[in-house]
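K.L.:
First the structure, then my questions, so here it is.
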Amino acid sequence: MALLFGTVFVTPLLQARTCSGNGDVLGSYGFTASRGGFFLLGATPPGSNGVVGSGPLVPVAVTPGGTTGATTTTTFSNTAIGSLVSGLSSPRVFSAVGRIFFDGVGNLYASPTTGLLTNTKVGTYNVTSDCSITMTLQDAFVTGSIGGTTTTTGSVSLEGEIMDSVDTGEIDLVSTGTTAAGAVVTMVKTAQFSSCTNASLSGNFGIVGQGMVVTGTTTSSTGGTTGGTTGGTTTGVALTSTGAFTSGVAGTLGTPFNLLGRFVADGSGNLSTDLAATSSPLKRNLTGTYLVNADCTGTAHLIDSAGTTRNISFILVNASGPFSVQTSSRQELKFVFTDTGVIGSGSAEQQ
């Protein structure tokens with residue numbers, strides 16, 4: 001009996017996962033965050049009788065990502081951290097992608113400019129013994145502000161779980177403020193701390209994402225890219241089901257869409273198809289251009305076989321282990337759509 005009880009009491013301790021402290025989270029992380037801004041209220045829960053999804057679609061009063069306009073009385077900078085803190089500080093639609101640095105002793109740093117590796121303190125964090133994490137973030141780059149009329153610096157509090165402290169380092173978080181509903185933040189170790197280039201992104205990739213084209217968005221498709229940077233007006237709104245982008249049923253809020261496809265990155269800033277994709281009857285191949293910055297952030301212009309186009313911003317993260325891109329067996333992109341009036345996010349993994 002003593003042996004039996006001893007086993008009962010010891011087993012939970014053997015199964016417990018523990019963290020030693022802030023030093024368990026150290027280095028450069030890419031973050032993606034978004035809020036869709038719409039909810040199904042009154043829908044029938046899964047597993048019950050009735051018409052599933054019969055509730056009305058109720059919109060949140062929001063400004064779509066990529067548009068301008070004051071949505072809060074607090075001023076935020078036109079930086080990645082500014083977009084993140086601004087989005088988490090209000091109930092509006094938003095999407096944000098960027099890089100943040102954990103110093104191992106509880107401080108968070110970020111850069112005001114894409115590709116700039118010098119860092120400014122933007123918050124603090126604390127790792128508990130059960131591998132939970134709390135975090136405070138503030139926008140330290142209020143010069144060149146957007147979205148408000150005062151000079152008050154925005155700040156948010158988050159809490160979450162460390163999903164993997166060894167390989168990807170993934171951390172998933174939610175904001176704890178009164179306007180936090182529906183927003184999720186994911187952080188993953190970047191593939192490199194610095195010195196990323198277009199050559200850091202190469203190989204065959206599968207890509208998946210989803211989003212919504214807001215009602216009233218311009219439908220022209222005159223956008224183009226030069227050297228991996230995006231340009232033109234909002235593109236590819238007239239979605240079809242013959243390419244990588246497929247559309248759902250249009251409603252009062254807009255038209256939802258999914259992205260499922262494949263592309264080949266050549267290491268020189270071009271997205272192309274290989275012979276296998278060219279002969280495939282599925283027609284889910286994507287082409288386009290991309291640009292990778294030194295801090296492993298980047299932009300890309302995607303074109304599917306039906307001519308639908310989208311612009312994205314991404315962060316190149318570590319999908320398989322704490323190694324550089326050159327030695328990692330798999331790369332991954334975390335991205336958000338950046339066309340005006342288009343919201344959503346997704347990921348692309350090396351095949």
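We name chains A, B, ... following the order of the structure tokens; residues begin at 1 in each chain, and ligands are numbered from 1 as shown.
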Within 12 Å of Ala244 of chain A, counting only C-alpha atoms, which residues qualify if same-chain residues fewer than 2 places away don't, as number ranges by chain?

P.N.:
A: 206-210, 236, 239-242, 246-247, 257-263, 282-287, 302-310

K.L.:
Write out, as a CSV table (one decimal), in the first residue's frame, the residues just selected, with N, CA and C atoms.

P.N.:
```
chain,number,residue,atom,x,y,z
A,206,GLY,N,4.4,25.6,-48.4
A,206,GLY,CA,2.9,25.5,-48.4
A,206,GLY,C,2.4,26.7,-47.5
A,207,ILE,N,1.3,27.3,-48.0
A,207,ILE,CA,0.9,28.6,-47.3
A,207,ILE,C,-0.6,28.4,-47.0
A,208,VAL,N,-1.0,28.9,-45.8
A,208,VAL,CA,-2.4,28.9,-45.5
A,208,VAL,C,-2.8,30.2,-44.7
A,209,GLY,N,-3.9,30.7,-44.9
A,209,GLY,CA,-4.4,31.9,-44.2
A,209,GLY,C,-5.8,32.2,-44.5
A,210,GLN,N,-6.4,33.2,-43.8
A,210,GLN,CA,-7.7,33.5,-43.9
A,210,GLN,C,-7.9,35.0,-43.6
A,236,GLY,N,-7.0,42.5,-56.0
A,236,GLY,CA,-7.5,41.2,-56.0
A,236,GLY,C,-8.8,40.9,-55.2
A,239,LEU,N,-12.7,37.7,-55.8
A,239,LEU,CA,-12.2,36.4,-55.6
A,239,LEU,C,-12.9,35.3,-56.3
A,240,THR,N,-12.2,34.2,-56.7
A,240,THR,CA,-12.9,33.1,-57.3
A,240,THR,C,-12.5,31.8,-56.6
A,241,SER,N,-12.9,30.7,-57.1
A,241,SER,CA,-12.6,29.4,-56.5
A,241,SER,C,-11.6,28.6,-57.3
A,242,THR,N,-10.9,29.3,-58.3
A,242,THR,CA,-10.1,28.6,-59.2
A,242,THR,C,-8.6,28.7,-58.9
A,246,THR,N,-9.7,31.6,-52.2
A,246,THR,CA,-11.1,31.3,-52.4
A,246,THR,C,-12.0,32.1,-51.5
A,247,SER,N,-13.2,32.5,-52.0
A,247,SER,CA,-14.0,33.5,-51.3
A,247,SER,C,-15.2,32.7,-50.7
A,257,PHE,N,-12.4,35.3,-47.0
A,257,PHE,CA,-11.6,34.5,-48.0
A,257,PHE,C,-10.7,33.6,-47.3
A,258,ASN,N,-10.3,32.5,-47.9
A,258,ASN,CA,-9.2,31.6,-47.4
A,258,ASN,C,-8.1,31.6,-48.4
A,259,LEU,N,-6.9,31.3,-47.9
A,259,LEU,CA,-5.7,31.1,-48.8
A,259,LEU,C,-5.1,29.7,-48.5
A,260,LEU,N,-5.0,28.9,-49.5
A,260,LEU,CA,-4.3,27.6,-49.4
A,260,LEU,C,-3.6,27.4,-50.7
A,261,GLY,N,-2.2,27.3,-50.6
A,261,GLY,CA,-1.5,27.2,-51.9
A,261,GLY,C,0.0,26.8,-51.6
A,262,ARG,N,0.8,27.1,-52.6
A,262,ARG,CA,2.2,26.7,-52.6
A,262,ARG,C,3.0,27.7,-53.4
A,263,PHE,N,4.2,27.9,-53.0
A,263,PHE,CA,5.1,28.7,-53.8
A,263,PHE,C,6.6,28.3,-53.6
A,282,LEU,N,-4.4,21.2,-59.7
A,282,LEU,CA,-5.0,21.9,-58.6
A,282,LEU,C,-4.9,23.4,-58.7
A,283,LYS,N,-3.9,23.9,-59.4
A,283,LYS,CA,-3.8,25.3,-59.7
A,283,LYS,C,-3.7,26.2,-58.5
A,284,ARG,N,-3.1,25.7,-57.5
A,284,ARG,CA,-2.9,26.5,-56.2
A,284,ARG,C,-1.5,27.1,-56.1
A,285,ASN,N,-0.8,27.1,-57.2
A,285,ASN,CA,0.5,27.7,-57.1
A,285,ASN,C,0.5,29.2,-57.1
A,286,LEU,N,1.4,29.9,-56.4
A,286,LEU,CA,1.5,31.3,-56.2
A,286,LEU,C,2.8,31.8,-56.8
A,287,THR,N,2.8,33.0,-57.4
A,287,THR,CA,4.0,33.6,-57.9
A,287,THR,C,4.1,35.0,-57.2
A,302,LEU,N,1.8,38.5,-53.5
A,302,LEU,CA,1.4,37.1,-53.9
A,302,LEU,C,0.4,37.2,-55.0
A,303,ILE,N,0.5,36.4,-56.0
A,303,ILE,CA,-0.4,36.3,-57.2
A,303,ILE,C,-0.7,34.9,-57.4
A,304,ASP,N,-2.0,34.5,-57.4
A,304,ASP,CA,-2.4,33.1,-57.6
A,304,ASP,C,-2.7,32.9,-59.1
A,305,SER,N,-3.0,31.7,-59.5
A,305,SER,CA,-3.2,31.3,-60.9
A,305,SER,C,-4.5,31.9,-61.5
A,306,ALA,N,-5.4,32.5,-60.7
A,306,ALA,CA,-6.6,33.1,-61.2
A,306,ALA,C,-6.4,34.6,-61.3
A,307,GLY,N,-5.2,35.1,-60.9
A,307,GLY,CA,-4.9,36.6,-61.0
A,307,GLY,C,-5.2,37.3,-59.7
A,308,THR,N,-5.7,36.7,-58.7
A,308,THR,CA,-6.0,37.4,-57.4
A,308,THR,C,-4.6,37.7,-56.7
A,309,THR,N,-4.5,38.9,-56.2
A,309,THR,CA,-3.2,39.3,-55.6
A,309,THR,C,-3.4,39.8,-54.2
A,310,ARG,N,-2.4,39.7,-53.4
A,310,ARG,CA,-2.4,40.2,-52.0
A,310,ARG,C,-1.0,40.6,-51.6
```

K.L.:
From a backbone DSSP assignment, name each residue in segment 248-295 of chain A labelled alpha helix (DSSP H), as a PyMOL selection string.

P.N.:
chain A and resi 275-278

K.L.:
Keeping only C-alpha atoms, take the residues you just selected and write them out as a tab-separated table (two decimals), in the first residue's frame.

P.N.:
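Saved as again24.tsv:
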```
chain	number	residue	atom	x	y	z
A	275	LEU	CA	7.67	21.90	-62.86
A	276	ALA	CA	5.52	19.83	-60.51
A	277	ALA	CA	3.29	22.81	-59.71
A	278	THR	CA	3.06	23.84	-63.36
```

K.L.:
Find the residues around Gly23 of chain A up to 9 Å (only C-alpha atoms counted), leave out those fewer than 4 positions away in its own chain, and share them as number ranges by chain.

P.N.:
A: 102-106, 127

K.L.:
Name all residues at most 9 Å from Leu84 of chain A (count only C-alpha atoms; drop same-chain ones fewer than 5 positions away) and give them as an MDAnalysis selection string.

P.N.:
chainID A and resid 32:34 79 89 94:98 139 185

K.L.:
Write a file of the selected residues as a compact mmCIF listing (two decimals), in the first residue's frame, keeping N, CA and C atoms.

P.N.:
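Result file is result09.txt:
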```txt
# COMPACT_ATOMS: atom_id res chain seq x y z
N THR A 32 3.14 38.00 -34.24
CA THR A 32 1.98 38.29 -35.08
C THR A 32 0.79 38.42 -34.16
N ALA A 33 -0.09 39.36 -34.48
CA ALA A 33 -1.28 39.60 -33.67
C ALA A 33 -2.40 40.08 -34.57
N SER A 34 -3.63 39.72 -34.22
CA SER A 34 -4.76 40.15 -35.04
C SER A 34 -6.06 40.06 -34.26
N THR A 79 4.92 52.35 -36.02
CA THR A 79 5.93 51.29 -35.93
C THR A 79 5.22 49.98 -35.67
N SER A 89 -5.16 47.97 -27.58
CA SER A 89 -5.72 48.99 -26.68
C SER A 89 -7.14 49.39 -27.04
N PHE A 94 -7.49 44.84 -36.31
CA PHE A 94 -6.09 45.17 -36.53
C PHE A 94 -5.32 43.90 -36.84
N SER A 95 -4.16 44.08 -37.43
CA SER A 95 -3.20 43.00 -37.59
C SER A 95 -1.81 43.63 -37.51
N ALA A 96 -0.89 42.93 -36.87
CA ALA A 96 0.45 43.48 -36.67
C ALA A 96 1.48 42.36 -36.74
N VAL A 97 2.63 42.68 -37.27
CA VAL A 97 3.74 41.73 -37.33
C VAL A 97 5.03 42.50 -37.10
N GLY A 98 5.99 41.89 -36.39
CA GLY A 98 7.24 42.58 -36.11
C GLY A 98 8.17 41.73 -35.27
N ASP A 139 4.24 51.69 -26.14
CA ASP A 139 4.75 52.25 -27.38
C ASP A 139 5.75 53.35 -27.04
N VAL A 185 -2.05 37.09 -29.56
CA VAL A 185 -0.68 37.41 -29.94
C VAL A 185 0.15 36.14 -29.88
```

K.L.:
Give the answer as one residue: which of A:Arg99, A:Arg35, A:Arg92, A:Lys121 has the shortest atom-to-atom distance to Met187 of chain A, using only C-alpha atoms?

P.N.:
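For Met187 of chain A, the nearest of the candidates is A:Arg99.
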
K.L.:
Just the number, please: distance in Å from atom CA of Thr114 of chain A to atom CA of Asp167 of chain A, one decimal.

P.N.:
25.3 Å

K.L.:
Mind checking which residues fall within 12 Å of Thr136 of chain A, counting only C-alpha atoms, ignoring those fewer than 5 positions away in the same chain, and posting them as a PyMOL selection string?

P.N.:
chain A and resi 85+88+106-109+121-126+154-160+173-177

K.L.:
Take the selection from the previous step and output its residues with N, CA and C atoms, as a compact mmCIF listing (two decimals), in the first residue's frame.

P.N.:
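The result, written out as result.txt:
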```
# COMPACT_ATOMS: atom_id res chain seq x y z
N VAL A 85 0.47 47.64 -29.90
CA VAL A 85 -0.11 48.23 -28.69
C VAL A 85 -1.41 48.94 -29.02
N LEU A 88 -4.22 46.34 -29.53
CA LEU A 88 -4.63 45.70 -28.29
C LEU A 88 -5.32 46.68 -27.34
N GLY A 106 14.05 39.93 -17.88
CA GLY A 106 12.74 40.53 -17.66
C GLY A 106 12.45 41.79 -18.44
N ASN A 107 13.30 42.17 -19.40
CA ASN A 107 13.09 43.39 -20.17
C ASN A 107 12.84 43.07 -21.65
N LEU A 108 12.01 43.88 -22.29
CA LEU A 108 11.65 43.73 -23.70
C LEU A 108 12.15 44.92 -24.50
N TYR A 109 12.71 44.65 -25.67
CA TYR A 109 13.27 45.70 -26.52
C TYR A 109 12.74 45.55 -27.95
N LYS A 121 13.92 49.98 -25.04
CA LYS A 121 13.09 49.23 -24.11
C LYS A 121 11.62 49.58 -24.32
N VAL A 122 10.79 48.54 -24.48
CA VAL A 122 9.36 48.74 -24.72
C VAL A 122 8.49 47.99 -23.72
N GLY A 123 9.10 47.37 -22.69
CA GLY A 123 8.27 46.67 -21.71
C GLY A 123 9.06 45.73 -20.84
N THR A 124 8.31 44.96 -20.06
CA THR A 124 8.90 43.98 -19.14
C THR A 124 8.10 42.68 -19.23
N TYR A 125 8.71 41.59 -18.73
CA TYR A 125 8.02 40.31 -18.69
C TYR A 125 8.46 39.51 -17.47
N ASN A 126 7.64 38.53 -17.11
CA ASN A 126 7.95 37.68 -15.98
C ASN A 126 7.46 36.26 -16.26
N GLY A 154 0.58 54.85 -25.10
CA GLY A 154 -0.26 53.68 -24.88
C GLY A 154 0.52 52.54 -24.26
N SER A 155 -0.15 51.74 -23.44
CA SER A 155 0.46 50.55 -22.86
C SER A 155 -0.60 49.48 -22.67
N VAL A 156 -0.17 48.21 -22.68
CA VAL A 156 -1.09 47.09 -22.51
C VAL A 156 -0.43 46.04 -21.62
N SER A 157 -1.27 45.22 -20.99
CA SER A 157 -0.80 44.07 -20.21
C SER A 157 -1.28 42.81 -20.89
N LEU A 158 -0.43 41.78 -20.90
CA LEU A 158 -0.77 40.51 -21.51
C LEU A 158 -0.41 39.36 -20.58
N GLU A 159 -1.06 38.23 -20.79
CA GLU A 159 -0.69 37.02 -20.08
C GLU A 159 -0.83 35.84 -21.03
N GLY A 160 -0.01 34.82 -20.82
CA GLY A 160 -0.06 33.70 -21.75
C GLY A 160 0.71 32.51 -21.26
N LEU A 173 -0.34 34.55 -26.27
CA LEU A 173 -0.79 35.50 -25.27
C LEU A 173 -2.12 36.13 -25.65
N VAL A 174 -2.81 36.63 -24.62
CA VAL A 174 -3.99 37.47 -24.82
C VAL A 174 -3.83 38.71 -23.95
N SER A 175 -4.46 39.79 -24.38
CA SER A 175 -4.43 41.02 -23.59
C SER A 175 -5.43 40.91 -22.46
N THR A 176 -5.12 41.54 -21.31
CA THR A 176 -5.99 41.45 -20.14
C THR A 176 -6.80 42.72 -19.93
N GLY A 177 -6.75 43.66 -20.86
CA GLY A 177 -7.49 44.90 -20.71
C GLY A 177 -8.97 44.75 -21.02
```

K.L.:
Determine, counting only C-alpha atoms, which protein, DNA and RNA residues have an atom within 7 Å of an atom of Asn198 of chain A; residues of the same chain fewer than 3 positions away are not included. Present the result as a PyMOL selection string.

P.N.:
chain A and resi 201+267-269+291-292

K.L.:
Need to verify the contact set: Phe335 of chain A, 9 Å, only C-alpha atoms, exclusion of same-chain residues closer than 4 positions in sequence. Can you return it as a short mmCIF file (atom, residue, chain, number, x, y, z; two decimals) with C-alpha atoms, in the first residue's frame?

P.N.:
```
data_model
loop_
_atom_site.label_atom_id
_atom_site.label_comp_id
_atom_site.auth_asym_id
_atom_site.auth_seq_id
_atom_site.Cartn_x
_atom_site.Cartn_y
_atom_site.Cartn_z
CA THR A 32 1.98 38.29 -35.08
CA ALA A 96 0.45 43.48 -36.67
CA VAL A 97 3.74 41.73 -37.33
CA GLY A 209 -4.35 31.93 -44.24
CA THR A 299 7.15 41.95 -47.32
CA ILE A 312 1.63 40.69 -46.86
CA SER A 313 4.14 41.59 -44.14
CA PHE A 314 5.92 38.68 -42.49
CA ILE A 315 8.51 37.60 -39.96
CA LEU A 316 10.84 34.69 -40.72
CA GLY A 344 -6.38 38.53 -41.78
CA SER A 345 -3.25 36.49 -41.18
CA GLY A 346 -1.63 33.12 -41.83
CA SER A 347 1.59 31.14 -42.05
CA ALA A 348 3.79 29.44 -44.61
#
```

K.L.:
In Å, how far is it from atom CA of Ser28 of chain A to atom CA of Thr178 of chain A?

P.N.:
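Here the two named atoms are 29.0 Å from each other.
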
K.L.:
Mind listing the strand (DSSP E) residues of segment 105-211 of chain A, per DSSP on the backbone, as a PyMOL selection string?

P.N.:
chain A and resi 107-110+120-127+132-138+145-146+155-162+171-175+184-189+202-211

K.L.:
Could the residues in this selection be saved with N, CA and C atoms as a compact mmCIF listing (two decimals), in the first residue's frame?

P.N.:
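Okay, out.txt is ready:
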```
# COMPACT_ATOMS: atom_id res chain seq x y z
N ASN A 107 13.30 42.17 -19.40
CA ASN A 107 13.09 43.39 -20.17
C ASN A 107 12.84 43.07 -21.65
N LEU A 108 12.01 43.88 -22.29
CA LEU A 108 11.65 43.73 -23.70
C LEU A 108 12.15 44.92 -24.50
N TYR A 109 12.71 44.65 -25.67
CA TYR A 109 13.27 45.70 -26.52
C TYR A 109 12.74 45.55 -27.95
N ALA A 110 12.66 46.66 -28.66
CA ALA A 110 12.23 46.65 -30.05
C ALA A 110 12.89 47.80 -30.79
N THR A 120 15.25 49.68 -28.31
CA THR A 120 14.76 50.55 -27.25
C THR A 120 13.85 49.74 -26.34
N LYS A 121 13.92 49.98 -25.04
CA LYS A 121 13.09 49.23 -24.11
C LYS A 121 11.62 49.58 -24.32
N VAL A 122 10.79 48.54 -24.48
CA VAL A 122 9.36 48.74 -24.72
C VAL A 122 8.49 47.99 -23.72
N GLY A 123 9.10 47.37 -22.69
CA GLY A 123 8.27 46.67 -21.71
C GLY A 123 9.06 45.73 -20.84
N THR A 124 8.31 44.96 -20.06
CA THR A 124 8.90 43.98 -19.14
C THR A 124 8.10 42.68 -19.23
N TYR A 125 8.71 41.59 -18.73
CA TYR A 125 8.02 40.31 -18.69
C TYR A 125 8.46 39.51 -17.47
N ASN A 126 7.64 38.53 -17.11
CA ASN A 126 7.95 37.68 -15.98
C ASN A 126 7.46 36.26 -16.26
N VAL A 127 8.37 35.29 -16.13
CA VAL A 127 8.06 33.88 -16.34
C VAL A 127 7.87 33.20 -15.00
N SER A 132 3.93 29.86 -17.27
CA SER A 132 3.07 30.95 -17.70
C SER A 132 3.93 32.22 -17.78
N ILE A 133 3.42 33.23 -18.46
CA ILE A 133 4.18 34.46 -18.62
C ILE A 133 3.24 35.66 -18.60
N THR A 134 3.66 36.71 -17.93
CA THR A 134 2.95 37.98 -17.94
C THR A 134 3.85 39.03 -18.59
N MET A 135 3.24 40.04 -19.18
CA MET A 135 4.01 40.98 -19.96
C MET A 135 3.31 42.34 -19.97
N THR A 136 4.09 43.40 -19.94
CA THR A 136 3.58 44.74 -20.17
C THR A 136 4.31 45.32 -21.36
N LEU A 137 3.59 45.98 -22.24
CA LEU A 137 4.17 46.59 -23.43
C LEU A 137 3.72 48.04 -23.52
N GLN A 138 4.62 48.91 -23.95
CA GLN A 138 4.24 50.29 -24.21
C GLN A 138 4.89 50.75 -25.50
N SER A 145 3.37 60.12 -34.82
CA SER A 145 2.24 59.37 -34.31
C SER A 145 1.12 59.25 -35.32
N ILE A 146 0.26 58.25 -35.06
CA ILE A 146 -0.94 58.04 -35.86
C ILE A 146 -2.09 57.67 -34.95
N SER A 155 -0.15 51.74 -23.44
CA SER A 155 0.46 50.55 -22.86
C SER A 155 -0.60 49.48 -22.67
N VAL A 156 -0.17 48.21 -22.68
CA VAL A 156 -1.09 47.09 -22.51
C VAL A 156 -0.43 46.04 -21.62
N SER A 157 -1.27 45.22 -20.99
CA SER A 157 -0.80 44.07 -20.21
C SER A 157 -1.28 42.81 -20.89
N LEU A 158 -0.43 41.78 -20.90
CA LEU A 158 -0.77 40.51 -21.51
C LEU A 158 -0.41 39.36 -20.58
N GLU A 159 -1.06 38.23 -20.79
CA GLU A 159 -0.69 37.02 -20.08
C GLU A 159 -0.83 35.84 -21.03
N GLY A 160 -0.01 34.82 -20.82
CA GLY A 160 -0.06 33.70 -21.75
C GLY A 160 0.71 32.51 -21.26
N GLU A 161 0.98 31.60 -22.19
CA GLU A 161 1.65 30.35 -21.90
C GLU A 161 2.84 30.16 -22.83
N ILE A 162 3.93 29.63 -22.27
CA ILE A 162 5.09 29.26 -23.07
C ILE A 162 4.84 27.85 -23.59
N ILE A 171 5.27 31.35 -27.79
CA ILE A 171 4.51 31.92 -26.68
C ILE A 171 3.20 32.44 -27.24
N ASP A 172 2.08 32.03 -26.66
CA ASP A 172 0.76 32.52 -27.06
C ASP A 172 0.18 33.36 -25.93
N LEU A 173 -0.34 34.55 -26.27
CA LEU A 173 -0.79 35.50 -25.27
C LEU A 173 -2.12 36.13 -25.65
N VAL A 174 -2.81 36.63 -24.62
CA VAL A 174 -3.99 37.47 -24.82
C VAL A 174 -3.83 38.71 -23.95
N SER A 175 -4.46 39.79 -24.38
CA SER A 175 -4.43 41.02 -23.59
C SER A 175 -5.43 40.91 -22.46
N VAL A 184 -5.43 37.88 -30.25
CA VAL A 184 -4.45 36.86 -29.87
C VAL A 184 -3.08 37.29 -30.39
N VAL A 185 -2.05 37.09 -29.56
CA VAL A 185 -0.68 37.41 -29.94
C VAL A 185 0.15 36.14 -29.88
N THR A 186 0.90 35.85 -30.94
CA THR A 186 1.79 34.69 -30.97
C THR A 186 3.21 35.18 -31.21
N MET A 187 4.13 34.68 -30.39
CA MET A 187 5.55 35.01 -30.55
C MET A 187 6.35 33.73 -30.75
N VAL A 188 7.26 33.75 -31.74
CA VAL A 188 8.09 32.61 -32.08
C VAL A 188 9.51 33.12 -32.33
N LYS A 189 10.51 32.34 -31.93
CA LYS A 189 11.90 32.73 -32.14
C LYS A 189 12.16 32.99 -33.62
N SER A 202 14.29 30.48 -48.94
CA SER A 202 14.39 29.71 -50.18
C SER A 202 13.77 28.33 -49.98
N GLY A 203 13.29 27.77 -51.08
CA GLY A 203 12.71 26.43 -51.05
C GLY A 203 11.23 26.41 -51.35
N ASN A 204 10.64 25.24 -51.23
CA ASN A 204 9.22 25.03 -51.48
C ASN A 204 8.42 25.26 -50.20
N PHE A 205 7.31 26.00 -50.31
CA PHE A 205 6.51 26.35 -49.15
C PHE A 205 5.03 26.05 -49.40
N GLY A 206 4.35 25.56 -48.38
CA GLY A 206 2.90 25.52 -48.36
C GLY A 206 2.42 26.69 -47.52
N ILE A 207 1.35 27.34 -47.97
CA ILE A 207 0.88 28.55 -47.30
C ILE A 207 -0.61 28.44 -47.02
N VAL A 208 -1.02 28.91 -45.84
CA VAL A 208 -2.43 28.88 -45.46
C VAL A 208 -2.75 30.17 -44.71
N GLY A 209 -3.94 30.71 -44.93
CA GLY A 209 -4.35 31.93 -44.24
C GLY A 209 -5.83 32.18 -44.45
N GLN A 210 -6.35 33.16 -43.76
CA GLN A 210 -7.75 33.55 -43.95
C GLN A 210 -7.92 35.01 -43.58
N GLY A 211 -8.98 35.60 -44.10
CA GLY A 211 -9.22 37.01 -43.80
C GLY A 211 -10.54 37.46 -44.38
```
